[in-house]
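What follows is the content of start_35.txt (compact mmCIF, C-alpha atoms).
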```txt
# COMPACT_ATOMS: atom_id res chain seq x y z
CA MET A 1 0.00 0.00 0.00
CA ARG A 2 1.12 3.50 -0.82
CA ARG A 3 2.44 5.45 2.13
CA ASP A 4 2.90 9.11 1.46
CA VAL A 5 1.75 12.48 2.66
CA PHE A 6 -1.12 12.60 0.20
CA GLN A 7 -2.58 9.36 1.29
CA ALA A 8 -2.18 10.47 4.88
CA ILE A 9 -4.10 13.71 4.53
CA ALA A 10 -6.83 12.28 2.31
CA ASP A 11 -8.70 11.04 5.37
CA PRO A 12 -10.71 13.45 7.57
CA THR A 13 -9.92 11.62 10.82
CA ARG A 14 -6.23 11.75 10.08
CA ARG A 15 -6.48 15.44 9.30
CA ALA A 16 -8.20 15.94 12.65
CA ILE A 17 -5.45 14.01 14.43
CA LEU A 18 -2.82 16.17 12.74
CA THR A 19 -4.63 19.35 13.70
CA MET A 20 -4.70 18.28 17.34
CA LEU A 21 -1.07 17.24 17.38
CA ALA A 22 -0.08 20.51 15.75
CA ILE A 23 -1.37 22.25 18.87
CA GLN A 24 0.11 19.91 21.47
CA THR A 25 1.81 16.56 21.85
CA MET A 26 -0.54 13.81 23.00
CA THR A 27 -0.55 10.27 24.29
CA PRO A 28 -2.49 7.63 22.32
CA ASN A 29 -5.10 7.45 25.08
CA LEU A 30 -5.71 11.16 25.19
CA LEU A 31 -5.94 11.28 21.41
CA ALA A 32 -8.44 8.43 21.24
CA GLU A 33 -10.70 10.15 23.77
CA HIS A 34 -11.36 12.90 21.22
CA PHE A 35 -12.92 10.55 18.70
CA ASP A 36 -16.02 8.40 18.52
CA SER A 37 -14.15 5.79 16.50
CA SER A 38 -12.78 2.70 18.22
CA ARG A 39 -9.36 2.86 19.77
CA GLN A 40 -8.31 0.28 17.24
CA ALA A 41 -9.38 2.51 14.35
CA ILE A 42 -7.50 5.46 15.80
CA SER A 43 -4.34 3.45 16.31
CA LYS A 44 -4.54 2.36 12.67
CA HIS A 45 -4.67 6.03 11.62
CA ILE A 46 -1.73 6.78 13.90
CA LYS A 47 0.20 3.94 12.34
CA ILE A 48 -0.36 5.37 8.84
CA LEU A 49 0.57 8.89 9.95
CA THR A 50 3.73 7.56 11.57
CA GLU A 51 4.68 5.57 8.49
CA CYS A 52 4.21 8.70 6.39
CA GLN A 53 6.46 10.52 8.84
CA LEU A 54 3.81 13.13 9.53
CA ILE A 55 3.98 12.30 13.21
CA LYS A 56 6.79 11.09 15.40
CA GLN A 57 6.57 9.21 18.64
CA GLU A 58 8.65 9.75 21.71
CA GLN A 59 8.86 7.60 24.80
CA SER A 60 8.73 9.44 28.08
CA GLY A 61 8.75 7.13 31.08
CA ARG A 62 5.94 4.68 30.56
CA GLU A 63 4.02 6.93 28.18
CA ILE A 64 4.31 7.41 24.43
CA TYR A 65 3.81 10.92 23.08
CA TYR A 66 3.00 11.83 19.50
CA HIS A 67 4.47 14.93 17.86
CA PHE A 68 3.47 16.62 14.64
CA ASN A 69 6.20 16.80 11.98
CA SER A 70 5.40 19.99 10.05
CA LYS A 71 8.40 19.65 7.74
CA LYS A 72 6.82 16.66 6.09
CA LEU A 73 3.58 18.46 5.34
CA LYS A 74 5.47 21.11 3.39
CA GLU A 75 6.09 18.46 0.74
CA VAL A 76 2.54 19.02 -0.44
CA ASP A 77 3.46 22.51 -1.56
CA LYS A 78 6.69 21.43 -3.15
CA TRP A 79 4.79 18.79 -5.05
CA LEU A 80 2.44 21.39 -6.51
CA GLN A 81 5.23 23.75 -7.57
CA PRO A 82 5.73 22.46 -11.16
CA PHE A 83 1.98 22.56 -11.69
CA ARG A 84 2.04 26.16 -10.55
CA VAL A 85 4.87 27.00 -12.96
CA MET A 86 2.94 25.44 -15.82
CA TRP A 87 -0.15 27.54 -15.17
CA GLU A 88 1.78 30.74 -14.63
CA THR A 89 3.62 30.26 -17.91
CA ARG A 90 0.37 29.49 -19.67
CA PHE A 91 -1.28 32.61 -18.27
CA ASN A 92 1.65 34.86 -19.12
CA GLN A 93 1.28 33.64 -22.70
CA LEU A 94 -2.44 34.37 -22.53
CA ASP A 95 -1.62 37.94 -21.45
CA VAL A 96 0.29 38.38 -24.71
CA VAL A 97 -2.56 36.93 -26.79
CA LEU A 98 -5.04 39.28 -25.10
CA LYS A 99 -2.81 42.26 -25.63
CA ASN A 100 -2.66 41.45 -29.35
CA LEU A 101 -6.44 41.07 -29.47
CA LYS A 102 -6.86 44.48 -27.88
CA ASN A 103 -4.41 46.16 -30.25
CA LYS A 104 -6.11 44.65 -33.28
CA LYS A 105 -9.41 46.10 -32.15
CA SER A 106 -8.22 49.67 -31.56
CA MET B 1 -7.83 49.88 -11.57
CA ILE B 2 -4.70 47.77 -11.32
CA ILE B 3 -5.17 44.18 -12.35
CA ASN B 4 -3.74 41.66 -9.94
CA LYS B 5 -1.98 39.16 -12.17
CA GLU B 6 -0.99 36.81 -9.44
CA THR B 7 -2.20 33.28 -10.06
CA ILE B 8 -3.94 31.91 -7.01
CA PHE B 9 -3.87 28.18 -6.41
CA THR B 10 -6.06 26.38 -3.97
CA LYS B 11 -5.73 22.68 -3.41
CA ASP B 12 -8.30 20.50 -1.83
CA VAL B 13 -6.59 17.14 -1.87
CA ALA B 14 -9.31 15.51 0.19
CA ASN B 15 -11.95 16.41 -2.40
CA LYS B 16 -9.56 15.76 -5.30
CA LYS B 17 -9.86 19.34 -6.50
CA LEU B 18 -7.49 22.03 -7.65
CA LYS B 19 -8.56 25.59 -8.23
CA VAL B 20 -6.66 28.18 -10.23
CA VAL B 21 -7.75 31.84 -10.29
CA ARG B 22 -6.25 34.65 -12.37
CA GLU B 23 -7.24 38.13 -13.52
CA PHE B 24 -6.57 39.46 -17.01
CA ASP B 25 -6.27 42.96 -18.38
CA ALA B 26 -8.88 42.48 -21.14
CA SER B 27 -12.63 42.51 -21.63
CA LEU B 28 -14.75 39.52 -20.72
CA ASP B 29 -15.50 39.03 -24.41
CA GLN B 30 -11.80 38.92 -25.33
CA VAL B 31 -10.91 36.52 -22.54
CA TRP B 32 -13.81 34.26 -23.48
CA ARG B 33 -12.64 34.21 -27.10
CA ALA B 34 -9.07 33.34 -26.07
CA TRP B 35 -10.42 30.31 -24.19
CA THR B 36 -12.86 29.11 -26.82
CA GLU B 37 -11.39 29.83 -30.28
CA SER B 38 -8.78 27.32 -31.39
CA GLU B 39 -6.69 29.87 -33.36
CA LEU B 40 -6.22 31.77 -30.11
CA LEU B 41 -5.90 28.70 -27.86
CA ASP B 42 -3.09 27.41 -30.07
CA GLN B 43 -1.12 30.53 -29.21
CA TRP B 44 -1.10 30.15 -25.45
CA TRP B 45 -2.51 26.86 -24.15
CA ALA B 46 0.77 24.92 -24.10
CA PRO B 47 3.42 26.28 -21.76
CA LYS B 48 6.58 27.05 -23.75
CA PRO B 49 8.52 25.27 -25.19
CA TRP B 50 5.51 23.02 -25.80
CA LYS B 51 3.17 23.93 -28.63
CA THR B 52 -0.56 23.39 -29.07
CA ASN B 53 -1.87 22.27 -32.44
CA THR B 54 -5.61 21.99 -32.99
CA LYS B 55 -6.80 19.08 -35.09
CA SER B 56 -10.49 19.88 -34.84
CA MET B 57 -12.62 22.29 -32.85
CA ASP B 58 -16.35 22.32 -32.34
CA PHE B 59 -17.07 24.68 -29.49
CA ARG B 60 -20.63 24.05 -28.39
CA GLU B 61 -22.40 21.90 -25.85
CA GLY B 62 -21.73 18.31 -26.91
CA GLY B 63 -18.86 19.38 -29.16
CA ARG B 64 -15.17 18.58 -28.91
CA TRP B 65 -11.75 20.15 -29.19
CA LEU B 66 -9.09 17.69 -30.33
CA TYR B 67 -5.51 18.90 -30.17
CA TYR B 68 -2.01 17.75 -29.48
CA MET B 69 0.79 19.20 -27.48
CA GLN B 70 4.12 18.97 -29.18
CA GLY B 71 7.22 18.77 -27.07
CA PRO B 72 10.60 20.28 -27.88
CA ASP B 73 11.76 16.74 -28.75
CA GLY B 74 8.95 16.41 -31.31
CA SER B 75 6.82 14.08 -29.19
CA ARG B 76 3.07 14.51 -29.52
CA HIS B 77 0.43 14.10 -26.83
CA PHE B 78 -3.15 14.13 -28.05
CA CYS B 79 -5.88 15.49 -25.80
CA SER B 80 -9.61 15.69 -26.15
CA VAL B 81 -11.81 18.29 -24.52
CA ASP B 82 -15.52 17.43 -24.54
CA TYR B 83 -17.74 20.42 -23.89
CA LYS B 84 -20.40 19.34 -21.42
CA SER B 85 -22.09 22.69 -20.87
CA VAL B 86 -21.62 26.15 -22.29
CA ILE B 87 -23.06 29.39 -20.94
CA PRO B 88 -21.68 32.11 -23.27
CA ASN B 89 -19.38 34.66 -21.60
CA LYS B 90 -20.02 33.02 -18.24
CA SER B 91 -18.79 29.48 -17.93
CA PHE B 92 -18.14 26.18 -19.61
CA ALA B 93 -17.55 22.71 -18.25
CA VAL B 94 -15.47 20.07 -19.97
CA LYS B 95 -14.21 16.55 -19.68
CA ASN B 96 -10.51 16.57 -20.45
CA ALA B 97 -8.77 13.32 -21.39
CA PHE B 98 -5.74 11.96 -23.16
CA CYS B 99 -6.44 10.17 -26.40
CA ASP B 100 -4.92 8.92 -29.64
CA GLU B 101 -4.78 10.93 -32.88
CA ASN B 102 -8.30 9.82 -33.79
CA GLY B 103 -9.67 11.01 -30.48
CA LYS B 104 -10.05 7.58 -28.92
CA ILE B 105 -9.76 8.20 -25.19
CA ASN B 106 -6.94 6.46 -23.31
CA ASN B 107 -8.47 5.33 -20.04
CA ASP B 108 -5.12 4.45 -18.50
CA LEU B 109 -4.39 8.13 -18.13
CA PRO B 110 -6.26 10.45 -15.79
CA VAL B 111 -9.53 12.04 -16.84
CA MET B 112 -10.23 15.50 -15.47
CA HIS B 113 -13.39 17.51 -15.18
CA TRP B 114 -12.95 21.22 -15.52
CA LYS B 115 -15.24 24.09 -14.85
CA ASN B 116 -14.05 27.43 -16.16
CA SER B 117 -15.91 30.50 -14.94
CA PHE B 118 -15.50 34.00 -16.31
CA SER B 119 -16.50 37.26 -14.69
CA LYS B 120 -15.87 40.97 -14.94
CA SER B 121 -13.40 42.28 -12.39
CA GLY B 122 -12.86 46.02 -12.35
CA ASP B 123 -11.62 46.98 -15.82
CA GLY B 124 -10.48 43.46 -16.48
CA SER B 125 -11.77 39.94 -16.21
CA LYS B 126 -11.38 37.09 -13.81
CA VAL B 127 -11.08 33.43 -14.72
CA GLU B 128 -11.61 30.61 -12.24
CA VAL B 129 -10.59 27.10 -13.20
CA GLU B 130 -11.80 24.27 -11.04
CA ILE B 131 -10.28 20.89 -11.84
CA THR B 132 -11.79 17.76 -10.35
CA PHE B 133 -10.10 14.38 -10.53
CA ALA B 134 -11.71 10.98 -10.41
CA SER B 135 -9.23 9.78 -7.81
CA GLU B 136 -6.38 10.98 -5.70
CA ALA B 137 -3.99 8.83 -7.71
CA ASP B 138 -5.11 10.71 -10.84
CA LEU B 139 -4.35 14.00 -9.16
CA ASP B 140 -0.85 12.72 -8.43
CA LYS B 141 -0.39 11.59 -12.01
CA ILE B 142 -1.45 14.93 -13.48
CA VAL B 143 0.86 16.88 -11.25
CA ALA B 144 3.66 14.51 -12.22
CA MET B 145 2.88 15.17 -15.88
CA GLY B 146 2.70 18.90 -15.25
CA PHE B 147 6.09 18.43 -13.73
CA LYS B 148 7.57 17.63 -17.08
CA GLU B 149 5.93 20.57 -18.84
CA GLY B 150 6.35 22.87 -15.89
CA PHE B 151 10.04 22.28 -15.73
CA ALA B 152 10.52 22.76 -19.44
CA ALA B 153 8.56 26.01 -19.12
CA ALA B 154 10.60 27.16 -16.18
CA HIS B 155 13.78 26.58 -18.16
CA SER B 156 12.55 28.41 -21.23
CA ASN B 157 11.55 31.38 -19.04
CA LEU B 158 14.99 31.36 -17.56
CA ASP B 159 16.51 31.34 -21.05
CA GLU B 160 14.52 34.42 -21.96
CA LEU B 161 15.52 36.13 -18.78
CA LEU B 162 19.18 35.40 -19.42
CA ALA B 163 18.95 36.51 -23.05
CA GLY B 164 17.35 39.79 -21.98
```
Could you show the structure in this file as structure tokens?
Amino acid sequence: MRRDVFQAIADPTRRAILTMLAIQTMTPNLLAEHFDSSRQAISKHIKILTECQLIKQEQSGREIYYHFNSKKLKEVDKWLQPFRVMWETRFNQLDVVLKNLKNKKS
Amino acid sequence: MIINKETIFTKDVANKKLKVVREFDASLDQVWRAWTESELLDQWWAPKPWKTNTKSMDFREGGRWLYYMQGPDGSRHFCSVDYKSVIPNKSFAVKNAFCDENGKINNDLPVMHWKNSFSKSGDGSKVEVEITFASEADLDKIVAMGFKEGFAAAHSNLDELLAG
């Protein structure tokens, strides 16, 4: 199964988990309390998020804490960059076409 | 009024949508023509150094635009644009797919649904492009393909900049 940032953020529960962890680190128990889903379902989401490196876990005494890894999420923007360049180039060319249209008219 | 020519991108990965918004310093009528007449589309649709060549154009509801993009290496990629709805000077919706030279759609490559909306904005016009993908994997594929064209475009822009 594919494990990347895009798969990770495609799910609303996972996005909610990320939003919470972006505010504070949390233990699995605390995290699960915020959702109606089963603990098992939540831990599956956590597993995916961890595999996608969007969250990191840290052991502190007997507890595990989850942290949000914001660096990884920035990949989404990097991924869109070439698409952005393509459209900007296209539109700059359209500016020229429109300018010619205008000049022809006047 | 000063036209803001910044291209605004909004991504909604969860809903498999990308939105592109841009203003142009031209009348609504002119912008509409540039998006719907093949002689004009051929001049700007492909990001340089790619070129657009129209094979056939029938701009109306139920009609089709068949064209190919030619790469700097001579490679050709045929695309079909099926016009699903047309509201003159306001909006049109299309199904955009990759196909062979006879227009037979290649279902292995992503199909996109576009809605292009046009409106007056100050002295200029605003265009909103909403692209919806059938699946998230398709969205990935398209961006990867844009990658190729986008990078070629970025390089050609750089060439111009250096030459100037």
Contact residues around Thr36 in chain B with all atoms listed in the file at 10 Å, ignoring same-chain residues under 4 positions, as a list in words:
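Using all atoms listed in the file, the neighbours found are Gln30, Val31, Trp32, Leu40, Leu41, Met57, Asp58, Phe59, Arg60, Trp65, Pro88 and Phe92 of chain B.
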Within 8 Å of chain B, which residues of chain A are there when counting all atoms listed in the file? Please give them as a PDB file with C-alpha atoms, in the coordinates of the input.
```
ATOM      1  CA  PHE A   6      -1.120  12.600   0.200  1.00  0.00           C
ATOM      2  CA  ILE A   9      -4.100  13.710   4.530  1.00  0.00           C
ATOM      3  CA  ALA A  10      -6.830  12.280   2.310  1.00  0.00           C
ATOM      4  CA  ASP A  11      -8.700  11.040   5.370  1.00  0.00           C
ATOM      5  CA  PRO A  12     -10.710  13.450   7.570  1.00  0.00           C
ATOM      6  CA  TRP A  79       4.790  18.790  -5.050  1.00  0.00           C
ATOM      7  CA  LEU A  80       2.440  21.390  -6.510  1.00  0.00           C
ATOM      8  CA  PRO A  82       5.730  22.460 -11.160  1.00  0.00           C
ATOM      9  CA  PHE A  83       1.980  22.560 -11.690  1.00  0.00           C
ATOM     10  CA  ARG A  84       2.040  26.160 -10.550  1.00  0.00           C
ATOM     11  CA  VAL A  85       4.870  27.000 -12.960  1.00  0.00           C
ATOM     12  CA  MET A  86       2.940  25.440 -15.820  1.00  0.00           C
ATOM     13  CA  TRP A  87      -0.150  27.540 -15.170  1.00  0.00           C
ATOM     14  CA  GLU A  88       1.780  30.740 -14.630  1.00  0.00           C
ATOM     15  CA  THR A  89       3.620  30.260 -17.910  1.00  0.00           C
ATOM     16  CA  ARG A  90       0.370  29.490 -19.670  1.00  0.00           C
ATOM     17  CA  PHE A  91      -1.280  32.610 -18.270  1.00  0.00           C
ATOM     18  CA  GLN A  93       1.280  33.640 -22.700  1.00  0.00           C
ATOM     19  CA  LEU A  94      -2.440  34.370 -22.530  1.00  0.00           C
ATOM     20  CA  ASP A  95      -1.620  37.940 -21.450  1.00  0.00           C
ATOM     21  CA  VAL A  97      -2.560  36.930 -26.790  1.00  0.00           C
ATOM     22  CA  LEU A  98      -5.040  39.280 -25.100  1.00  0.00           C
ATOM     23  CA  LYS A  99      -2.810  42.260 -25.630  1.00  0.00           C
ATOM     24  CA  LEU A 101      -6.440  41.070 -29.470  1.00  0.00           C
ATOM     25  CA  LYS A 102      -6.860  44.480 -27.880  1.00  0.00           C
TER      26      LYS A 102
END
```
What does the distance between CA of His113 in chain B and CA of Glu37 in chain B come to in Å, to one decimal place?
19.6 Å
Leaving out Tyr67 in chain B and any residue of its chain fewer than 4 positions from it, which residues lie within 9 Å of it when counting only C-alpha atoms, given as a short mmCIF file (atom, residue, chain, number, x, y, z; two decimals) with C-alpha atoms, in the frame of the given file?
```cif
data_model
loop_
_atom_site.label_atom_id
_atom_site.label_comp_id
_atom_site.auth_asym_id
_atom_site.auth_seq_id
_atom_site.Cartn_x
_atom_site.Cartn_y
_atom_site.Cartn_z
CA ASP B 42 -3.09 27.41 -30.07
CA THR B 52 -0.56 23.39 -29.07
CA ASN B 53 -1.87 22.27 -32.44
CA THR B 54 -5.61 21.99 -32.99
CA LYS B 55 -6.80 19.08 -35.09
CA SER B 56 -10.49 19.88 -34.84
CA MET B 57 -12.62 22.29 -32.85
CA HIS B 77 0.43 14.10 -26.83
CA PHE B 78 -3.15 14.13 -28.05
CA CYS B 79 -5.88 15.49 -25.80
CA SER B 80 -9.61 15.69 -26.15
CA VAL B 81 -11.81 18.29 -24.52
CA GLU B 101 -4.78 10.93 -32.88
CA GLY B 103 -9.67 11.01 -30.48
#
```
At a cut-off of 9 Å from (-12.9, 16.3, 18.2) in the coordinates of the file, what residues are picked up using only C-alpha atoms, written as number ranges by chain?
A: 16-17, 20, 33-36
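Across the model, the gap from CA of Glu63 in chain A to CA of Ala41 in chain A is 19.8 Å.
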